[in-house]
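Have a look at the structure below before the remarks.
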Amino acid sequence: MSVKTLSLNGKPVSAGDDQTLLDVAREHGAKIPTLCHLDGLSDVGACRLCLVEVKGSPKLLPACTTKATEGMEVSTDSERLRRYRRQIVELLFAERNHVCAVCVANGNCELQAVALEVGLDHVRFEYQHPRTELDASHPHFVLDHARCILCVRCVRVCDEIEGAHTWDLAHRGIHTRVITDMAQPWGKSDSCTSCGKCLRVCPTGALFEKERIATGISKNRDFLTYIKNAREKKQWSR
């Protein structure tokens, strides 16, 4: 395996053939916020929070899907990046109905944690307040579109790990929604195995167990480690 040398925040670092800029940054202690990325799943660059500056590029690049190349000069923290990341989080809050105080994921929400990380204390954009549905047709689980940030973790874990591909996306733009099968109610899905993996990887309160409505949800981080380790050992094919 050939080794590439590049510059990360002004310091020379090395990277392997298949490493992304996010891999390199984390390996060398440079913190980059993410929401759609999850170790063990493929990267799609959906949330755009991991944008970085690369010298010579006129645009910001997503660190999770950009491969490290020889001679790159990468910046992971600048006033421009902090401004963009805060704006992205503001837009996520404005697009749906994220009211933390009445959400089952309050205190265990990655969107909430990222908002604190980027210093978000108010939203400058007009809230869209879309009319969203609550799908409680499944015997055990609930889908709340109001909390969904379209990170597609549920789509990827169901396809790549469970092998069911129950989840997908429908529509375009602000009307985009996650769906089960051919936009059927979740409870009528023929492909869903009721494994619960989608709930465990959801970063917000969009997917949760019915029994958690009153008590709130908690995230099982051991499961996320299990996915990462299994992927590294090539127990599943991508």
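The chains in the structure tokens are called A, B, ... from first to last as shown; in each chain the residues are counted from 1, and the ligands are counted from 1 in the order shown.
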Could you name the residues that touch Glu209 (chain A) at 12 Å or less, counting only C-alpha atoms, but leaving out those on the same chain fewer than 4 positions away, as number ranges by chain? A: 104-105, 135-144, 194-200, 202, 205, 213-219
Among region 10-182 of chain A, which ones does DSSP assign to helix (DSSP H, G or I) (computed from the backbone)? Answer as an NGL selection string. :A and (21-27 or 79-95 or 100-102 or 110-117 or 145-147 or 153-162 or 173-175)
Identify which of the residues A:Ala101, A:Ile88, A:Asp39, A:Leu22 lies closest to Ala63 (chain A), counting only C-alpha atoms when measuring atom-to-atom distances. A:Leu22
Go ahead and compute the interatomic distance for CA of Pro12 (chain A) and CA of His37 (chain A), in Å to one decimal.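 Interatomic distance, CA of Pro12 (chain A) to CA of His37 (chain A): 25.1 Å.
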Measuring between only C-alpha atoms, which one of A:Arg172, A:Arg96, A:Arg212, A:Arg82 shows the shortest distance to Cys148 (chain A)? A:Arg96
Could you write out, as a list of chain:residue names, all the residues of region 67-150 of chain A that DSSP marks as strand (DSSP E or B)? A:Lys67, A:Glu73, A:Val74, A:Ser75, A:Leu134, A:Asp135, A:Phe141, A:Val142, A:Leu143, A:Asp144
Got time to write the residues from that selection, all heavy atoms, as a compact mmCIF listing (two decimals), in the first residue's frame?
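After the write, result-v2.txt holds the following:
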# COMPACT_ATOMS: atom_id res chain seq x y z
N LYS A 67 -11.19 11.55 -1.05
CA LYS A 67 -10.01 10.76 -0.79
C LYS A 67 -8.77 11.66 -0.62
O LYS A 67 -8.64 12.67 -1.31
CB LYS A 67 -9.75 9.77 -1.93
CG LYS A 67 -10.85 8.74 -2.13
CD LYS A 67 -10.88 7.73 -1.00
CE LYS A 67 -11.88 6.62 -1.28
NZ LYS A 67 -11.94 5.64 -0.17
N GLU A 73 -3.34 20.26 0.58
CA GLU A 73 -3.23 21.18 1.72
C GLU A 73 -4.64 21.41 2.25
O GLU A 73 -5.46 22.07 1.60
CB GLU A 73 -2.57 22.49 1.31
CG GLU A 73 -1.12 22.32 0.87
CD GLU A 73 -0.45 23.64 0.54
OE1 GLU A 73 -0.80 24.66 1.16
OE2 GLU A 73 0.43 23.64 -0.34
N VAL A 74 -4.92 20.83 3.41
CA VAL A 74 -6.28 20.78 3.94
C VAL A 74 -6.41 21.58 5.22
O VAL A 74 -5.54 21.50 6.10
CB VAL A 74 -6.70 19.31 4.21
CG1 VAL A 74 -8.15 19.24 4.68
CG2 VAL A 74 -6.48 18.45 2.97
N SER A 75 -7.49 22.33 5.30
CA SER A 75 -7.82 23.06 6.53
C SER A 75 -9.17 22.55 7.03
O SER A 75 -10.14 22.52 6.27
CB SER A 75 -7.89 24.56 6.28
OG SER A 75 -8.35 25.24 7.44
N LEU A 134 -46.86 11.15 11.28
CA LEU A 134 -46.30 10.24 12.27
C LEU A 134 -46.78 8.84 11.91
O LEU A 134 -47.99 8.58 11.92
CB LEU A 134 -46.78 10.61 13.68
CG LEU A 134 -46.11 9.89 14.84
CD1 LEU A 134 -44.72 10.44 15.08
CD2 LEU A 134 -46.94 10.04 16.11
N ASP A 135 -45.86 7.97 11.54
CA ASP A 135 -46.23 6.61 11.14
C ASP A 135 -46.03 5.67 12.33
O ASP A 135 -44.90 5.30 12.66
CB ASP A 135 -45.37 6.15 9.96
CG ASP A 135 -45.76 4.77 9.43
OD1 ASP A 135 -46.62 4.12 10.06
OD2 ASP A 135 -45.21 4.35 8.39
N PHE A 141 -42.45 0.06 16.48
CA PHE A 141 -41.65 1.24 16.18
C PHE A 141 -42.49 2.39 15.65
O PHE A 141 -43.61 2.19 15.18
CB PHE A 141 -40.57 0.90 15.15
CG PHE A 141 -39.76 -0.32 15.47
CD1 PHE A 141 -39.41 -1.24 14.48
CD2 PHE A 141 -39.32 -0.56 16.77
CE1 PHE A 141 -38.67 -2.36 14.77
CE2 PHE A 141 -38.57 -1.69 17.07
CZ PHE A 141 -38.24 -2.59 16.08
N VAL A 142 -41.90 3.60 15.70
CA VAL A 142 -42.57 4.80 15.22
C VAL A 142 -41.61 5.59 14.33
O VAL A 142 -40.41 5.69 14.62
CB VAL A 142 -43.03 5.70 16.39
CG1 VAL A 142 -43.70 6.97 15.85
CG2 VAL A 142 -43.98 4.96 17.31
N LEU A 143 -42.14 6.16 13.25
CA LEU A 143 -41.39 7.06 12.39
C LEU A 143 -42.00 8.45 12.50
O LEU A 143 -43.18 8.65 12.19
CB LEU A 143 -41.45 6.58 10.93
CG LEU A 143 -41.07 7.60 9.84
CD1 LEU A 143 -39.62 8.05 10.01
CD2 LEU A 143 -41.30 7.02 8.45
N ASP A 144 -41.21 9.40 12.95
CA ASP A 144 -41.66 10.79 13.07
C ASP A 144 -40.91 11.64 12.05
O ASP A 144 -39.74 11.98 12.26
CB ASP A 144 -41.40 11.30 14.49
CG ASP A 144 -41.97 12.70 14.72
OD1 ASP A 144 -42.46 13.31 13.76
OD2 ASP A 144 -41.92 13.17 15.88
Skip Asn9 (chain A) itself and residues of its chain fewer than 4 positions away, then list as an mmCIF file with N, CA and C atoms, in the first residue's frame all residues within 12 Å of it, counting only C-alpha atoms.
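Output saved as selection05.cif:
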data_model
loop_
_atom_site.group_PDB
_atom_site.id
_atom_site.type_symbol
_atom_site.label_atom_id
_atom_site.label_comp_id
_atom_site.auth_asym_id
_atom_site.auth_seq_id
_atom_site.Cartn_x
_atom_site.Cartn_y
_atom_site.Cartn_z
ATOM 1 N N VAL A 13 1.205 15.249 7.319
ATOM 2 C CA VAL A 13 0.661 13.984 7.802
ATOM 3 C C VAL A 13 0.693 12.984 6.658
ATOM 4 N N LEU A 21 -10.382 12.196 3.803
ATOM 5 C CA LEU A 21 -9.895 13.307 4.613
ATOM 6 C C LEU A 21 -10.455 13.231 6.036
ATOM 7 N N VAL A 24 -8.257 10.758 7.918
ATOM 8 C CA VAL A 24 -6.959 11.358 8.231
ATOM 9 C C VAL A 24 -7.097 12.358 9.370
ATOM 10 N N ALA A 25 -8.146 13.184 9.302
ATOM 11 C CA ALA A 25 -8.348 14.201 10.332
ATOM 12 C C ALA A 25 -8.542 13.561 11.698
ATOM 13 N N HIS A 28 -5.452 12.084 13.266
ATOM 14 C CA HIS A 28 -4.469 13.047 13.768
ATOM 15 C C HIS A 28 -5.100 14.073 14.712
ATOM 16 N N GLY A 29 -6.260 13.748 15.257
ATOM 17 C CA GLY A 29 -6.847 14.569 16.312
ATOM 18 C C GLY A 29 -7.529 15.848 15.873
ATOM 19 N N ALA A 30 -7.808 16.004 14.580
ATOM 20 C CA ALA A 30 -8.517 17.190 14.097
ATOM 21 C C ALA A 30 -10.014 16.902 14.112
ATOM 22 N N LYS A 31 -10.754 17.582 14.943
ATOM 23 C CA LYS A 31 -12.177 17.293 15.114
ATOM 24 C C LYS A 31 -13.004 17.924 13.996
ATOM 25 N N VAL A 52 -14.521 20.761 4.346
ATOM 26 C CA VAL A 52 -13.175 21.253 4.642
ATOM 27 C C VAL A 52 -12.678 22.102 3.482
ATOM 28 N N GLU A 53 -11.653 22.886 3.746
ATOM 29 C CA GLU A 53 -11.039 23.680 2.696
ATOM 30 C C GLU A 53 -9.812 22.953 2.156
ATOM 31 N N VAL A 54 -9.704 22.856 0.848
ATOM 32 C CA VAL A 54 -8.542 22.252 0.197
ATOM 33 C C VAL A 54 -7.950 23.293 -0.749
ATOM 34 N N LYS A 55 -6.693 23.590 -0.540
ATOM 35 C CA LYS A 55 -6.048 24.615 -1.358
ATOM 36 C C LYS A 55 -6.127 24.257 -2.839
ATOM 37 N N MET A 72 -1.939 17.366 -0.992
ATOM 38 C CA MET A 72 -3.096 18.159 -0.581
ATOM 39 C C MET A 72 -2.749 19.084 0.590
ATOM 40 N N GLU A 73 -3.338 20.262 0.583
ATOM 41 C CA GLU A 73 -3.226 21.175 1.725
ATOM 42 C C GLU A 73 -4.642 21.406 2.253
ATOM 43 N N VAL A 74 -4.916 20.826 3.412
ATOM 44 C CA VAL A 74 -6.285 20.777 3.937
ATOM 45 C C VAL A 74 -6.410 21.577 5.216
ATOM 46 N N SER A 75 -7.492 22.331 5.304
ATOM 47 C CA SER A 75 -7.823 23.056 6.534
ATOM 48 C C SER A 75 -9.171 22.554 7.032
ATOM 49 N N THR A 76 -9.214 22.149 8.305
ATOM 50 C CA THR A 76 -10.462 21.628 8.883
ATOM 51 C C THR A 76 -11.132 22.625 9.809
ATOM 52 N N ASP A 77 -10.481 23.750 10.083
ATOM 53 C CA ASP A 77 -11.047 24.723 11.023
ATOM 54 C C ASP A 77 -10.648 26.131 10.608
ATOM 55 N N SER A 78 -11.633 26.899 10.188
ATOM 56 C CA SER A 78 -11.408 28.293 9.813
ATOM 57 C C SER A 78 -12.704 29.042 10.066
#
Between CA of Ala146 (chain A) and CA of Val102 (chain A), what is the spacing in Å?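 About the pair CA of Val102 (chain A) and CA of Ala146 (chain A): they are 11.8 Å apart.
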Which is closest to Phe93 (chain A) among A:Leu41, A:Met182, A:Ala115, A:Cys109, if we use only C-alpha atoms?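 Distance minimum relative to Phe93 (chain A) lands on A:Ala115.
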